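The block underneath contains the structure these notes are about, expressed in C-alpha cells.
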Amino acid sequence: MKDRQSLQTTLIHSDYQAPDGFGALPQAIHHASTVLFDNVAAMRARNWQDKSGYTYGLHGTPTTFTLEARLAEIEEGRHCVLAPSGLAAIVLVNFAFLKTGDEVLIPDNVYSPSRELANWLQQDFGIAVRYYDPMIGSGIAGLIQPNTRLIWTEAPGSVSMEVPDLPAICQAAHDKGVLVALDNTWSAGLALPAFRLGVDIVMQALTKYQSGGSDVLMGAVITQDKTLNSRLESAHMRLGFGIGADDAYLLLRSLPTMKLRFEAHDAAARKVASWLSNRPEIATILHPAFPGCPGHAFWQRDFTGAGGLFSILFDPQYTEAQTDRFVDGLRLFKIGFSWGGVHSLAVPYRMKGMRGSWPHQGQLVRLNIGLEATDDLIADIEQALQLL
Ligand SMILES: *Cc1c(COP(=O)(O)O)cnc(C)c1O
C-alpha cells in the first residue's frame, strides 16, 4: 500500500502508532469532533446517552467524562453534564425541565443573567416566572401552583448573600412534586452537601473555584437521579453545548488544589470581613458566617465552610460617588466581574435596579477575597477607606 500511496495521503494516514504503556499523572487531553468506530455494527450499537462509549466529540471524550465524574464525586452526585459557561448550565436546566405553560419560581436575589434569561423565557416562550423572597422558607408552599415545575434556589444569593432555608423549600416542593435546582457555586460543592438537604439538581459555575485561574468559562449540572440526568443529556444534545478539551484539562489540573484554595479563601475572607465589621464606615457585613447576614442560622446549620465572596453595606451617609472613590482607590483589589480566582476583586452594585425589593439604604460593594497576604488586603482597604 505504502509504495503506491502518494505522500499527500501518507500525511493524513500514517502507520506510526506510539507504543502502549505510557503512564503519567495528568489526564490526557483528547481533542475530537469525529470519534472512530471499528465497523458499522459498532457504530450502530453505540449509545450516546449512557456514556458507556464514545460517539461524537459533542457527547464526550475520556477527558470530559473524567471531569464529569470528578465533579459528580465532589457533590455526592452520580451524573454530571458540562456546559460552556455557568449561565449555559442554567439554560440547560431550564430547557430540560420547562415547557410552554409551566411556571418556574426564582429567588429575588438570583444571579442577574439568570433573571434576564427567565424574563426572555416568559416573554417569548410562554413560561410563567415568579420571583420569591429568598427568605421565604416553607412559605414557598403558598406559591406553588399546579403548573409550577421548577424552583430555583441559590445559597447564598448573588450579591446580597441571603442564605435560604433549603431543607424547608425542598420539603415544600417535594410535597407537591416540584423539582428544586440549586446554584451551588459559592460553596464550590465543598461546603454545602446539597443532595443531603433534598436538592434535586445542582448547578455549578466552574468558572469560579473549579477553574481558580480567572481564565476558563464552564458550567456543570449534577444529579443523583438517572431520569433527571437523561432529560439533561437530551437538552444538552439538542442545544449543542460542547466544551473545549483544553478547558476541560485546565479544570482537571485545578481540581486537586480546589479544597486547599477554598479553605484559604474562606479563612482570608472571614479575617477581612471581621476587620471591616469594626469599621464605622461599614453598616453591615453580608457574609453568611456573620450574624448580620440574613439566613446566618441556616448557614450554621447546613454549611461546613464559606467561600471567599461577600458584600459590605456602607453607612447610608456615604454617597455612591464616595463609595466609587473607595473602589477606585483600591490597589490590590481589581475591578471586575466573576470571582473564585487568586486575585482580589471589588464590584459596586446598584441594588435597587437589580431586585424586586431592596430594603437597605447605603451603597453595596462586593468583594472577592483572593489569595494575596490578608494583611496586605486589609491595608489596601484601609487606605482606600481614607478616600471616602
Ligand atoms: C458566575 C456565576 C454564574 C455564571 O457563570 P458563568 O460561567 O460566568 O456564566 C452563575 N451563578 C453564579 C452564582 C455565579 O456567580
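For the C-alpha cells, the naming scheme is as follows: chains receive sequential letters (A, B, ...) according to their order of presentation, residues are indexed from 1 within each chain, and ligands are indexed from 1 in presentation order.
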Write out as a PDB file with all heavy atoms, in the first residue's frame all residues of stretch 83-255 of chain A that backbone DSSP assigns to strand (DSSP E).
ATOM      1  N   ALA A  83     -21.404  22.255  30.484  1.00  0.00           N
ATOM      2  CA  ALA A  83     -21.920  23.297  29.592  1.00  0.00           C
ATOM      3  C   ALA A  83     -20.841  24.362  29.428  1.00  0.00           C
ATOM      4  O   ALA A  83     -19.938  24.463  30.261  1.00  0.00           O
ATOM      5  CB  ALA A  83     -23.190  23.894  30.189  1.00  0.00           C
ATOM      6  N   GLU A 103     -44.596  26.862  35.066  1.00  0.00           N
ATOM      7  CA  GLU A 103     -44.137  28.001  35.853  1.00  0.00           C
ATOM      8  C   GLU A 103     -42.837  27.642  36.565  1.00  0.00           C
ATOM      9  O   GLU A 103     -42.641  26.506  37.007  1.00  0.00           O
ATOM     10  CB  GLU A 103     -45.180  28.393  36.908  1.00  0.00           C
ATOM     11  CG  GLU A 103     -44.746  29.609  37.705  1.00  0.00           C
ATOM     12  CD  GLU A 103     -45.685  29.930  38.869  1.00  0.00           C
ATOM     13  OE1 GLU A 103     -45.800  29.113  39.798  1.00  0.00           O
ATOM     14  OE2 GLU A 103     -46.293  31.006  38.824  1.00  0.00           O
ATOM     15  N   VAL A 104     -41.950  28.636  36.662  1.00  0.00           N
ATOM     16  CA  VAL A 104     -40.717  28.469  37.429  1.00  0.00           C
ATOM     17  C   VAL A 104     -40.675  29.551  38.504  1.00  0.00           C
ATOM     18  O   VAL A 104     -41.047  30.694  38.257  1.00  0.00           O
ATOM     19  CB  VAL A 104     -39.466  28.524  36.506  1.00  0.00           C
ATOM     20  CG1 VAL A 104     -39.399  29.810  35.691  1.00  0.00           C
ATOM     21  CG2 VAL A 104     -38.179  28.329  37.293  1.00  0.00           C
ATOM     22  N   LEU A 105     -40.255  29.169  39.720  1.00  0.00           N
ATOM     23  CA  LEU A 105     -40.106  30.124  40.826  1.00  0.00           C
ATOM     24  C   LEU A 105     -38.616  30.411  41.011  1.00  0.00           C
ATOM     25  O   LEU A 105     -37.797  29.479  41.061  1.00  0.00           O
ATOM     26  CB  LEU A 105     -40.698  29.557  42.117  1.00  0.00           C
ATOM     27  CG  LEU A 105     -42.185  29.174  42.078  1.00  0.00           C
ATOM     28  CD1 LEU A 105     -42.622  28.606  43.433  1.00  0.00           C
ATOM     29  CD2 LEU A 105     -43.045  30.376  41.703  1.00  0.00           C
ATOM     30  N   ILE A 106     -38.292  31.687  41.111  1.00  0.00           N
ATOM     31  CA  ILE A 106     -36.892  32.122  41.143  1.00  0.00           C
ATOM     32  C   ILE A 106     -36.695  33.094  42.306  1.00  0.00           C
ATOM     33  O   ILE A 106     -37.521  33.994  42.500  1.00  0.00           O
ATOM     34  CB  ILE A 106     -36.526  32.802  39.794  1.00  0.00           C
ATOM     35  CG1 ILE A 106     -36.637  31.763  38.671  1.00  0.00           C
ATOM     36  CG2 ILE A 106     -35.150  33.432  39.831  1.00  0.00           C
ATOM     37  CD1 ILE A 106     -36.291  32.291  37.293  1.00  0.00           C
ATOM     38  N   PRO A 107     -35.621  32.927  43.091  1.00  0.00           N
ATOM     39  CA  PRO A 107     -35.409  33.855  44.203  1.00  0.00           C
ATOM     40  C   PRO A 107     -35.073  35.261  43.693  1.00  0.00           C
ATOM     41  O   PRO A 107     -34.401  35.414  42.667  1.00  0.00           O
ATOM     42  CB  PRO A 107     -34.231  33.248  44.972  1.00  0.00           C
ATOM     43  CG  PRO A 107     -33.518  32.404  43.981  1.00  0.00           C
ATOM     44  CD  PRO A 107     -34.548  31.912  43.010  1.00  0.00           C
ATOM     45  N   ALA A 128     -44.225  30.805  32.629  1.00  0.00           N
ATOM     46  CA  ALA A 128     -44.511  31.784  33.690  1.00  0.00           C
ATOM     47  C   ALA A 128     -43.348  31.827  34.679  1.00  0.00           C
ATOM     48  O   ALA A 128     -42.771  30.783  35.020  1.00  0.00           O
ATOM     49  CB  ALA A 128     -45.808  31.415  34.402  1.00  0.00           C
ATOM     50  N   VAL A 129     -42.994  33.033  35.100  1.00  0.00           N
ATOM     51  CA  VAL A 129     -41.881  33.217  36.030  1.00  0.00           C
ATOM     52  C   VAL A 129     -42.385  34.042  37.207  1.00  0.00           C
ATOM     53  O   VAL A 129     -43.015  35.074  37.002  1.00  0.00           O
ATOM     54  CB  VAL A 129     -40.721  33.986  35.349  1.00  0.00           C
ATOM     55  CG1 VAL A 129     -39.585  34.227  36.344  1.00  0.00           C
ATOM     56  CG2 VAL A 129     -40.213  33.236  34.127  1.00  0.00           C
ATOM     57  N   ARG A 130     -42.149  33.548  38.422  1.00  0.00           N
ATOM     58  CA  ARG A 130     -42.442  34.371  39.595  1.00  0.00           C
ATOM     59  C   ARG A 130     -41.222  34.428  40.487  1.00  0.00           C
ATOM     60  O   ARG A 130     -40.541  33.417  40.671  1.00  0.00           O
ATOM     61  CB  ARG A 130     -43.648  33.822  40.368  1.00  0.00           C
ATOM     62  CG  ARG A 130     -44.913  34.586  39.955  1.00  0.00           C
ATOM     63  CD  ARG A 130     -46.056  34.306  40.888  1.00  0.00           C
ATOM     64  NE  ARG A 130     -46.284  32.888  40.976  1.00  0.00           N
ATOM     65  CZ  ARG A 130     -46.963  32.323  41.965  1.00  0.00           C
ATOM     66  NH1 ARG A 130     -47.455  33.053  42.931  1.00  0.00           N
ATOM     67  NH2 ARG A 130     -47.160  31.021  41.961  1.00  0.00           N
ATOM     68  N   TYR A 131     -40.955  35.619  41.019  1.00  0.00           N
ATOM     69  CA  TYR A 131     -39.819  35.804  41.908  1.00  0.00           C
ATOM     70  C   TYR A 131     -40.302  35.747  43.351  1.00  0.00           C
ATOM     71  O   TYR A 131     -41.371  36.253  43.672  1.00  0.00           O
ATOM     72  CB  TYR A 131     -39.139  37.148  41.617  1.00  0.00           C
ATOM     73  CG  TYR A 131     -38.513  37.143  40.245  1.00  0.00           C
ATOM     74  CD1 TYR A 131     -39.204  37.666  39.154  1.00  0.00           C
ATOM     75  CD2 TYR A 131     -37.278  36.560  40.026  1.00  0.00           C
ATOM     76  CE1 TYR A 131     -38.660  37.618  37.875  1.00  0.00           C
ATOM     77  CE2 TYR A 131     -36.728  36.507  38.755  1.00  0.00           C
ATOM     78  CZ  TYR A 131     -37.411  37.037  37.687  1.00  0.00           C
ATOM     79  OH  TYR A 131     -36.875  36.971  36.433  1.00  0.00           O
ATOM     80  N   TYR A 132     -39.530  35.077  44.191  1.00  0.00           N
ATOM     81  CA  TYR A 132     -39.923  34.963  45.602  1.00  0.00           C
ATOM     82  C   TYR A 132     -38.839  35.535  46.510  1.00  0.00           C
ATOM     83  O   TYR A 132     -37.665  35.610  46.139  1.00  0.00           O
ATOM     84  CB  TYR A 132     -40.242  33.504  45.950  1.00  0.00           C
ATOM     85  CG  TYR A 132     -39.072  32.538  45.900  1.00  0.00           C
ATOM     86  CD1 TYR A 132     -38.231  32.368  47.002  1.00  0.00           C
ATOM     87  CD2 TYR A 132     -38.806  31.779  44.763  1.00  0.00           C
ATOM     88  CE1 TYR A 132     -37.164  31.482  46.970  1.00  0.00           C
ATOM     89  CE2 TYR A 132     -37.743  30.893  44.724  1.00  0.00           C
ATOM     90  CZ  TYR A 132     -36.927  30.750  45.829  1.00  0.00           C
ATOM     91  OH  TYR A 132     -35.869  29.876  45.802  1.00  0.00           O
ATOM     92  N   THR A 148     -46.564  24.741  38.442  1.00  0.00           N
ATOM     93  CA  THR A 148     -45.188  25.018  38.886  1.00  0.00           C
ATOM     94  C   THR A 148     -44.361  23.740  38.705  1.00  0.00           C
ATOM     95  O   THR A 148     -44.722  22.680  39.198  1.00  0.00           O
ATOM     96  CB  THR A 148     -45.155  25.452  40.370  1.00  0.00           C
ATOM     97  OG1 THR A 148     -46.063  26.537  40.542  1.00  0.00           O
ATOM     98  CG2 THR A 148     -43.758  25.881  40.772  1.00  0.00           C
ATOM     99  N   ARG A 149     -43.281  23.856  37.965  1.00  0.00           N
ATOM    100  CA  ARG A 149     -42.480  22.694  37.607  1.00  0.00           C
ATOM    101  C   ARG A 149     -41.134  22.698  38.321  1.00  0.00           C
ATOM    102  O   ARG A 149     -40.568  21.666  38.634  1.00  0.00           O
ATOM    103  CB  ARG A 149     -42.243  22.709  36.078  1.00  0.00           C
ATOM    104  CG  ARG A 149     -41.955  21.385  35.414  1.00  0.00           C
ATOM    105  CD  ARG A 149     -43.076  20.381  35.516  1.00  0.00           C
ATOM    106  NE  ARG A 149     -44.299  20.858  34.887  1.00  0.00           N
ATOM    107  CZ  ARG A 149     -45.517  20.661  35.406  1.00  0.00           C
ATOM    108  NH1 ARG A 149     -45.679  20.015  36.532  1.00  0.00           N
ATOM    109  NH2 ARG A 149     -46.587  21.133  34.781  1.00  0.00           N
ATOM    110  N   LEU A 150     -40.600  23.894  38.510  1.00  0.00           N
ATOM    111  CA  LEU A 150     -39.200  24.011  38.961  1.00  0.00           C
ATOM    112  C   LEU A 150     -39.067  25.198  39.915  1.00  0.00           C
ATOM    113  O   LEU A 150     -39.655  26.262  39.678  1.00  0.00           O
ATOM    114  CB  LEU A 150     -38.315  24.234  37.721  1.00  0.00           C
ATOM    115  CG  LEU A 150     -36.813  24.422  37.926  1.00  0.00           C
ATOM    116  CD1 LEU A 150     -36.166  23.136  38.448  1.00  0.00           C
ATOM    117  CD2 LEU A 150     -36.143  24.839  36.608  1.00  0.00           C
ATOM    118  N   ILE A 151     -38.293  24.978  40.989  1.00  0.00           N
ATOM    119  CA  ILE A 151     -37.942  26.076  41.903  1.00  0.00           C
ATOM    120  C   ILE A 151     -36.423  26.218  41.891  1.00  0.00           C
ATOM    121  O   ILE A 151     -35.701  25.267  42.207  1.00  0.00           O
ATOM    122  CB  ILE A 151     -38.423  25.798  43.347  1.00  0.00           C
ATOM    123  CG1 ILE A 151     -39.949  25.660  43.379  1.00  0.00           C
ATOM    124  CG2 ILE A 151     -37.958  26.912  44.283  1.00  0.00           C
ATOM    125  CD1 ILE A 151     -40.499  25.236  44.746  1.00  0.00           C
ATOM    126  N   TRP A 152     -35.965  27.385  41.506  1.00  0.00           N
ATOM    127  CA  TRP A 152     -34.535  27.676  41.588  1.00  0.00           C
ATOM    128  C   TRP A 152     -34.194  28.174  42.982  1.00  0.00           C
ATOM    129  O   TRP A 152     -34.977  28.915  43.592  1.00  0.00           O
ATOM    130  CB  TRP A 152     -34.143  28.761  40.572  1.00  0.00           C
ATOM    131  CG  TRP A 152     -33.737  28.215  39.241  1.00  0.00           C
ATOM    132  CD1 TRP A 152     -34.479  28.225  38.099  1.00  0.00           C
ATOM    133  CD2 TRP A 152     -32.481  27.607  38.903  1.00  0.00           C
ATOM    134  NE1 TRP A 152     -33.775  27.640  37.076  1.00  0.00           N
ATOM    135  CE2 TRP A 152     -32.545  27.256  37.534  1.00  0.00           C
ATOM    136  CE3 TRP A 152     -31.314  27.305  39.621  1.00  0.00           C
ATOM    137  CZ2 TRP A 152     -31.477  26.626  36.872  1.00  0.00           C
ATOM    138  CZ3 TRP A 152     -30.261  26.680  38.957  1.00  0.00           C
ATOM    139  CH2 TRP A 152     -30.352  26.348  37.601  1.00  0.00           C
ATOM    140  N   THR A 153     -33.022  27.776  43.477  1.00  0.00           N
ATOM    141  CA  THR A 153     -32.507  28.332  44.727  1.00  0.00           C
ATOM    142  C   THR A 153     -31.044  28.699  44.498  1.00  0.00           C
ATOM    143  O   THR A 153     -30.398  28.195  43.580  1.00  0.00           O
ATOM    144  CB  THR A 153     -32.587  27.305  45.881  1.00  0.00           C
ATOM    145  OG1 THR A 153     -31.869  26.118  45.503  1.00  0.00           O
ATOM    146  CG2 THR A 153     -34.022  26.941  46.201  1.00  0.00           C
ATOM    147  N   GLU A 154     -30.567  29.590  45.352  1.00  0.00           N
ATOM    148  CA  GLU A 154     -29.167  29.981  45.282  1.00  0.00           C
ATOM    149  C   GLU A 154     -28.708  30.165  46.724  1.00  0.00           C
ATOM    150  O   GLU A 154     -29.387  30.837  47.503  1.00  0.00           O
ATOM    151  CB  GLU A 154     -29.053  31.303  44.504  1.00  0.00           C
ATOM    152  CG  GLU A 154     -27.791  31.425  43.697  1.00  0.00           C
ATOM    153  CD  GLU A 154     -27.749  32.718  42.888  1.00  0.00           C
ATOM    154  OE1 GLU A 154     -28.642  32.932  42.044  1.00  0.00           O
ATOM    155  OE2 GLU A 154     -26.832  33.516  43.127  1.00  0.00           O
ATOM    156  N   LEU A 179     -39.611  20.088  41.289  1.00  0.00           N
ATOM    157  CA  LEU A 179     -38.159  19.911  41.359  1.00  0.00           C
ATOM    158  C   LEU A 179     -37.484  21.162  41.934  1.00  0.00           C
ATOM    159  O   LEU A 179     -37.932  22.283  41.682  1.00  0.00           O
ATOM    160  CB  LEU A 179     -37.594  19.667  39.960  1.00  0.00           C
ATOM    161  CG  LEU A 179     -37.962  18.351  39.284  1.00  0.00           C
ATOM    162  CD1 LEU A 179     -37.509  18.387  37.820  1.00  0.00           C
ATOM    163  CD2 LEU A 179     -37.329  17.166  40.023  1.00  0.00           C
ATOM    164  N   VAL A 180     -36.386  20.925  42.666  1.00  0.00           N
ATOM    165  CA  VAL A 180     -35.593  22.038  43.197  1.00  0.00           C
ATOM    166  C   VAL A 180     -34.197  21.997  42.576  1.00  0.00           C
ATOM    167  O   VAL A 180     -33.500  20.981  42.649  1.00  0.00           O
ATOM    168  CB  VAL A 180     -35.471  21.967  44.734  1.00  0.00           C
ATOM    169  CG1 VAL A 180     -34.585  23.102  45.250  1.00  0.00           C
ATOM    170  CG2 VAL A 180     -36.848  22.022  45.381  1.00  0.00           C
ATOM    171  N   ALA A 181     -33.816  23.113  41.963  1.00  0.00           N
ATOM    172  CA  ALA A 181     -32.461  23.259  41.426  1.00  0.00           C
ATOM    173  C   ALA A 181     -31.718  24.264  42.296  1.00  0.00           C
ATOM    174  O   ALA A 181     -32.290  25.266  42.738  1.00  0.00           O
ATOM    175  CB  ALA A 181     -32.510  23.757  39.981  1.00  0.00           C
ATOM    176  N   LEU A 182     -30.456  23.986  42.562  1.00  0.00           N
ATOM    177  CA  LEU A 182     -29.628  24.877  43.393  1.00  0.00           C
ATOM    178  C   LEU A 182     -28.412  25.347  42.599  1.00  0.00           C
ATOM    179  O   LEU A 182     -27.677  24.534  42.037  1.00  0.00           O
ATOM    180  CB  LEU A 182     -29.136  24.133  44.645  1.00  0.00           C
ATOM    181  CG  LEU A 182     -28.041  24.841  45.456  1.00  0.00           C
ATOM    182  CD1 LEU A 182     -28.583  26.079  46.151  1.00  0.00           C
ATOM    183  CD2 LEU A 182     -27.417  23.893  46.484  1.00  0.00           C
ATOM    184  N   ASP A 183     -28.205  26.655  42.575  1.00  0.00           N
ATOM    185  CA  ASP A 183     -26.933  27.210  42.104  1.00  0.00           C
ATOM    186  C   ASP A 183     -25.989  27.157  43.301  1.00  0.00           C
ATOM    187  O   ASP A 183     -26.107  27.944  44.237  1.00  0.00           O
ATOM    188  CB  ASP A 183     -27.153  28.650  41.614  1.00  0.00           C
ATOM    189  CG  ASP A 183     -25.888  29.270  41.039  1.00  0.00           C
ATOM    190  OD1 ASP A 183     -24.785  28.838  41.431  1.00  0.00           O
ATOM    191  OD2 ASP A 183     -26.007  30.192  40.219  1.00  0.00           O
ATOM    192  N   ILE A 201     -31.322  19.015  41.705  1.00  0.00           N
ATOM    193  CA  ILE A 201     -30.431  19.354  40.593  1.00  0.00           C
ATOM    194  C   ILE A 201     -29.434  20.404  41.093  1.00  0.00           C
ATOM    195  O   ILE A 201     -29.841  21.455  41.595  1.00  0.00           O
ATOM    196  CB  ILE A 201     -31.239  19.966  39.424  1.00  0.00           C
ATOM    197  CG1 ILE A 201     -32.317  18.977  38.949  1.00  0.00           C
ATOM    198  CG2 ILE A 201     -30.334  20.383  38.274  1.00  0.00           C
ATOM    199  CD1 ILE A 201     -33.525  19.676  38.339  1.00  0.00           C
ATOM    200  N   VAL A 202     -28.149  20.101  40.980  1.00  0.00           N
ATOM    201  CA  VAL A 202     -27.124  21.058  41.417  1.00  0.00           C
ATOM    202  C   VAL A 202     -26.450  21.647  40.189  1.00  0.00           C
ATOM    203  O   VAL A 202     -26.037  20.925  39.283  1.00  0.00           O
ATOM    204  CB  VAL A 202     -26.060  20.385  42.308  1.00  0.00           C
ATOM    205  CG1 VAL A 202     -24.902  21.332  42.571  1.00  0.00           C
ATOM    206  CG2 VAL A 202     -26.674  19.932  43.625  1.00  0.00           C
ATOM    207  N   MET A 203     -26.360  22.972  40.183  1.00  0.00           N
ATOM    208  CA  MET A 203     -25.670  23.653  39.088  1.00  0.00           C
ATOM    209  C   MET A 203     -24.422  24.338  39.660  1.00  0.00           C
ATOM    210  O   MET A 203     -24.443  24.838  40.780  1.00  0.00           O
ATOM    211  CB  MET A 203     -26.656  24.664  38.470  1.00  0.00           C
ATOM    212  CG  MET A 203     -26.073  25.620  37.479  1.00  0.00           C
ATOM    213  SD  MET A 203     -25.808  27.186  38.326  1.00  0.00           S
ATOM    214  CE  MET A 203     -24.355  27.754  37.490  1.00  0.00           C
ATOM    215  N   GLN A 204     -23.351  24.283  38.887  1.00  0.00           N
ATOM    216  CA  GLN A 204     -22.098  24.929  39.276  1.00  0.00           C
ATOM    217  C   GLN A 204     -21.585  25.813  38.149  1.00  0.00           C
ATOM    218  O   GLN A 204     -21.578  25.393  36.990  1.00  0.00           O
ATOM    219  CB  GLN A 204     -21.007  23.882  39.552  1.00  0.00           C
ATOM    220  CG  GLN A 204     -21.076  23.191  40.888  1.00  0.00           C
ATOM    221  CD  GLN A 204     -20.630  24.078  42.042  1.00  0.00           C
ATOM    222  OE1 GLN A 204     -19.971  25.103  41.849  1.00  0.00           O
ATOM    223  NE2 GLN A 204     -21.014  23.700  43.241  1.00  0.00           N
ATOM    224  N   ALA A 205     -21.145  27.022  38.486  1.00  0.00           N
ATOM    225  CA  ALA A 205     -20.335  27.812  37.551  1.00  0.00           C
ATOM    226  C   ALA A 205     -18.883  27.417  37.823  1.00  0.00           C
ATOM    227  O   ALA A 205     -18.267  27.885  38.779  1.00  0.00           O
ATOM    228  CB  ALA A 205     -20.554  29.310  37.760  1.00  0.00           C
ATOM    229  N   GLY A 219     -19.624  25.410  32.914  1.00  0.00           N
ATOM    230  CA  GLY A 219     -20.646  25.127  33.916  1.00  0.00           C
ATOM    231  C   GLY A 219     -20.927  23.646  33.974  1.00  0.00           C
ATOM    232  O   GLY A 219     -20.516  22.882  33.093  1.00  0.00           O
ATOM    233  N   ALA A 220     -21.629  23.227  35.022  1.00  0.00           N
ATOM    234  CA  ALA A 220     -21.977  21.814  35.175  1.00  0.00           C
ATOM    235  C   ALA A 220     -23.336  21.693  35.832  1.00  0.00           C
ATOM    236  O   ALA A 220     -23.730  22.551  36.619  1.00  0.00           O
ATOM    237  CB  ALA A 220     -20.930  21.100  36.023  1.00  0.00           C
ATOM    238  N   VAL A 221     -24.037  20.614  35.485  1.00  0.00           N
ATOM    239  CA  VAL A 221     -25.288  20.277  36.159  1.00  0.00           C
ATOM    240  C   VAL A 221     -25.147  18.841  36.664  1.00  0.00           C
ATOM    241  O   VAL A 221     -24.828  17.928  35.889  1.00  0.00           O
ATOM    242  CB  VAL A 221     -26.496  20.388  35.214  1.00  0.00           C
ATOM    243  CG1 VAL A 221     -27.781  20.117  35.996  1.00  0.00           C
ATOM    244  CG2 VAL A 221     -26.546  21.761  34.557  1.00  0.00           C
ATOM    245  N   ILE A 222     -25.348  18.677  37.960  1.00  0.00           N
ATOM    246  CA  ILE A 222     -25.097  17.393  38.617  1.00  0.00           C
ATOM    247  C   ILE A 222     -26.395  16.872  39.232  1.00  0.00           C
ATOM    248  O   ILE A 222     -27.162  17.649  39.813  1.00  0.00           O
ATOM    249  CB  ILE A 222     -23.996  17.574  39.690  1.00  0.00           C
ATOM    250  CG1 ILE A 222     -22.692  17.994  38.990  1.00  0.00           C
ATOM    251  CG2 ILE A 222     -23.767  16.292  40.483  1.00  0.00           C
ATOM    252  CD1 ILE A 222     -21.813  18.867  39.801  1.00  0.00           C
ATOM    253  N   THR A 223     -26.626  15.574  39.074  1.00  0.00           N
ATOM    254  CA  THR A 223     -27.832  14.956  39.632  1.00  0.00           C
ATOM    255  C   THR A 223     -27.470  13.597  40.230  1.00  0.00           C
ATOM    256  O   THR A 223     -26.407  13.033  39.930  1.00  0.00           O
ATOM    257  CB  THR A 223     -28.898  14.731  38.536  1.00  0.00           C
ATOM    258  OG1 THR A 223     -28.279  14.086  37.418  1.00  0.00           O
ATOM    259  CG2 THR A 223     -29.520  16.036  38.072  1.00  0.00           C
TER     260      THR A 223
END
message: Distance limit 7 Å, reference ligand 1, atoms considered: only C-alpha atoms and all ligand atoms. Which residues make the cut? Give them as a list in words.
response: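 Result of the 7 Å neighbour search around ligand 1: Ser85, Gly86, Leu87, Ala88, Tyr111, Glu154, Ser158, Asp183, Thr185, Trp186, Ala205, Leu206, Thr207, Lys208, Leu217, Met218, Gly219 and Ser338 of chain A.
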- prompt: Can you list, as an NGL selection string, every protein, DNA or RNA residue that comes within 9 Å of stretch 24-26 of chain A when you count only C-alpha atoms, leaving out same-chain residues fewer than 3 positions away?
  reply: :A and (29 or 249 or 252-253)
query: If we count only C-alpha atoms, what is near A:Asn229 at a cut-off of 12 Å, once residues fewer than 3 positions away on the same chain are taken out, given as a PyMOL selection string?
result: chain A and resi 49-51+72+77-82+92-93+96-97+200-202+220-226+232-236
- request: Compare A:Pro294, A:Pro288, A:Pro280, A:Gly308 by their minimum atom-to-atom distance to A:Leu371, counting only C-alpha atoms, and give me the closest one.
  value: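 Using only C-alpha atoms, the shortest distance to A:Leu371 belongs to A:Gly308.
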field: Residue with smallest distance to A:Phe262 - pool A:Ala141, A:Leu190, A:Met43, A:Ala289, counting only C-alpha atoms
entry: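 The shortest atom-to-atom distance to A:Phe262 comes from A:Leu190.
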